[in-house]
Amino acid sequence: MKNQALDAMKQEVASELGVPLKQGYNGDITAKQAGSVGGEMVKRMIAAQEAQMGGK
């Protein structure tokens, strides 16, 4: 279940950033594009955890 949630988040972030991410192999995207998706996912996960802990 967690894996499905992360995949959904990855697709959402990629769509918002304009990265042409698809199911399966994505070796045709640049390292910069992949990093921007991963970085944004981490930012969102940290923000969600902080909110859950009552931080921000």
# chains A, B, ... in the order shown; residues from 1 in each chain; ligands from 1
call {"tool": "residues_around", "arguments": {"residues": "segment 33-38 of chain A", "least_positions_apart": "4", "cutoff": "7 Å", "atoms": "only C-alpha atoms", "output": "ChimeraX atom specification"}}
result
/A:10,13-14,19,29,42
call {"tool": "write_last_selection", "arguments": {"atoms": "C-alpha atoms", "output": "compact mmCIF listing (two decimals), in the first residue's frame"}}
result
# COMPACT_ATOMS: atom_id res chain seq x y z
CA LYS A 10 5.68 10.64 -7.79
CA VAL A 13 4.83 15.75 -8.59
CA ALA A 14 6.20 14.88 -12.03
CA VAL A 19 8.54 15.97 -16.14
CA ILE A 29 14.64 11.67 -18.51
CA VAL A 42 11.10 14.64 0.08
call {"tool": "select_by_dssp", "arguments": {"residues": "chain A", "states": "helix (DSSP H, G or I)", "output": "compact mmCIF listing (two decimals) with N, CA and C atoms, in the first residue's frame"}}
result
# COMPACT_ATOMS: atom_id res chain seq x y z
N LYS A 2 1.89 1.31 0.82
CA LYS A 2 2.76 2.47 0.86
C LYS A 2 3.40 2.72 -0.50
N ASN A 3 3.80 1.64 -1.17
CA ASN A 3 4.45 1.78 -2.47
C ASN A 3 3.51 2.44 -3.48
N GLN A 4 2.23 2.08 -3.42
CA GLN A 4 1.25 2.68 -4.32
C GLN A 4 1.09 4.17 -4.04
N ALA A 5 1.11 4.54 -2.76
CA ALA A 5 0.98 5.94 -2.39
C ALA A 5 2.18 6.74 -2.88
N LEU A 6 3.38 6.18 -2.75
CA LEU A 6 4.58 6.86 -3.24
C LEU A 6 4.57 7.00 -4.76
N ASP A 7 4.11 5.96 -5.44
CA ASP A 7 4.02 6.03 -6.90
C ASP A 7 3.03 7.11 -7.33
N ALA A 8 1.91 7.20 -6.61
CA ALA A 8 0.91 8.22 -6.93
C ALA A 8 1.50 9.61 -6.69
N MET A 9 2.23 9.78 -5.59
CA MET A 9 2.85 11.06 -5.29
C MET A 9 3.88 11.40 -6.37
N LYS A 10 4.66 10.42 -6.77
CA LYS A 10 5.68 10.64 -7.79
C LYS A 10 5.05 11.11 -9.10
N GLN A 11 3.96 10.47 -9.50
CA GLN A 11 3.27 10.86 -10.73
C GLN A 11 2.70 12.27 -10.61
N GLU A 12 2.13 12.59 -9.45
CA GLU A 12 1.55 13.91 -9.23
C GLU A 12 2.63 15.00 -9.30
N VAL A 13 3.74 14.77 -8.61
CA VAL A 13 4.83 15.75 -8.59
C VAL A 13 5.41 15.92 -9.99
N ALA A 14 5.64 14.82 -10.68
CA ALA A 14 6.20 14.88 -12.03
C ALA A 14 5.28 15.68 -12.95
N SER A 15 3.99 15.44 -12.83
CA SER A 15 3.02 16.16 -13.65
C SER A 15 3.07 17.66 -13.36
N GLU A 16 3.12 18.02 -12.07
CA GLU A 16 3.16 19.43 -11.68
C GLU A 16 4.44 20.11 -12.16
N LEU A 17 5.56 19.36 -12.19
CA LEU A 17 6.83 19.93 -12.60
C LEU A 17 7.06 19.84 -14.12
N ALA A 31 18.95 13.51 -15.34
CA ALA A 31 19.20 13.40 -13.90
C ALA A 31 18.60 14.60 -13.18
N LYS A 32 18.64 15.75 -13.81
CA LYS A 32 18.07 16.96 -13.21
C LYS A 32 16.56 16.80 -13.03
N GLN A 33 15.89 16.25 -14.03
CA GLN A 33 14.45 16.03 -13.93
C GLN A 33 14.13 15.02 -12.83
N ALA A 34 14.86 13.92 -12.81
CA ALA A 34 14.62 12.89 -11.79
C ALA A 34 14.88 13.46 -10.40
N GLY A 35 15.93 14.24 -10.26
CA GLY A 35 16.26 14.84 -8.98
C GLY A 35 15.22 15.84 -8.52
N SER A 36 14.66 16.58 -9.45
CA SER A 36 13.64 17.56 -9.08
C SER A 36 12.38 16.86 -8.56
N VAL A 37 12.03 15.74 -9.15
CA VAL A 37 10.87 14.98 -8.69
C VAL A 37 11.15 14.41 -7.29
N GLY A 38 12.30 13.76 -7.13
CA GLY A 38 12.66 13.19 -5.84
C GLY A 38 12.78 14.24 -4.76
N GLY A 39 13.39 15.36 -5.08
CA GLY A 39 13.55 16.44 -4.11
C GLY A 39 12.23 17.01 -3.64
N GLU A 40 11.32 17.20 -4.58
CA GLU A 40 10.00 17.72 -4.22
C GLU A 40 9.22 16.71 -3.38
N MET A 41 9.38 15.43 -3.68
CA MET A 41 8.72 14.40 -2.88
C MET A 41 9.22 14.44 -1.44
N VAL A 42 10.52 14.58 -1.27
CA VAL A 42 11.10 14.64 0.08
C VAL A 42 10.58 15.87 0.82
N LYS A 43 10.54 17.02 0.15
CA LYS A 43 10.02 18.24 0.78
C LYS A 43 8.59 18.03 1.28
N ARG A 44 7.77 17.40 0.45
CA ARG A 44 6.38 17.18 0.83
C ARG A 44 6.25 16.18 1.98
N MET A 45 7.07 15.14 1.97
CA MET A 45 7.02 14.16 3.05
C MET A 45 7.47 14.78 4.37
N ILE A 46 8.49 15.63 4.33
CA ILE A 46 8.96 16.31 5.54
C ILE A 46 7.88 17.25 6.05
N ALA A 47 7.26 18.01 5.17
CA ALA A 47 6.20 18.94 5.57
C ALA A 47 5.03 18.18 6.20
N ALA A 48 4.67 17.05 5.62
CA ALA A 48 3.56 16.25 6.17
C ALA A 48 3.92 15.71 7.55
N GLN A 49 5.14 15.26 7.72
CA GLN A 49 5.56 14.73 9.01
C GLN A 49 5.61 15.84 10.06
N GLU A 50 6.10 17.00 9.69
CA GLU A 50 6.14 18.13 10.62
C GLU A 50 4.73 18.54 11.04
N ALA A 51 3.81 18.54 10.09
CA ALA A 51 2.42 18.89 10.40
C ALA A 51 1.82 17.85 11.34
N GLN A 52 2.12 16.60 11.11
CA GLN A 52 1.60 15.52 11.96
C GLN A 52 2.15 15.63 13.39
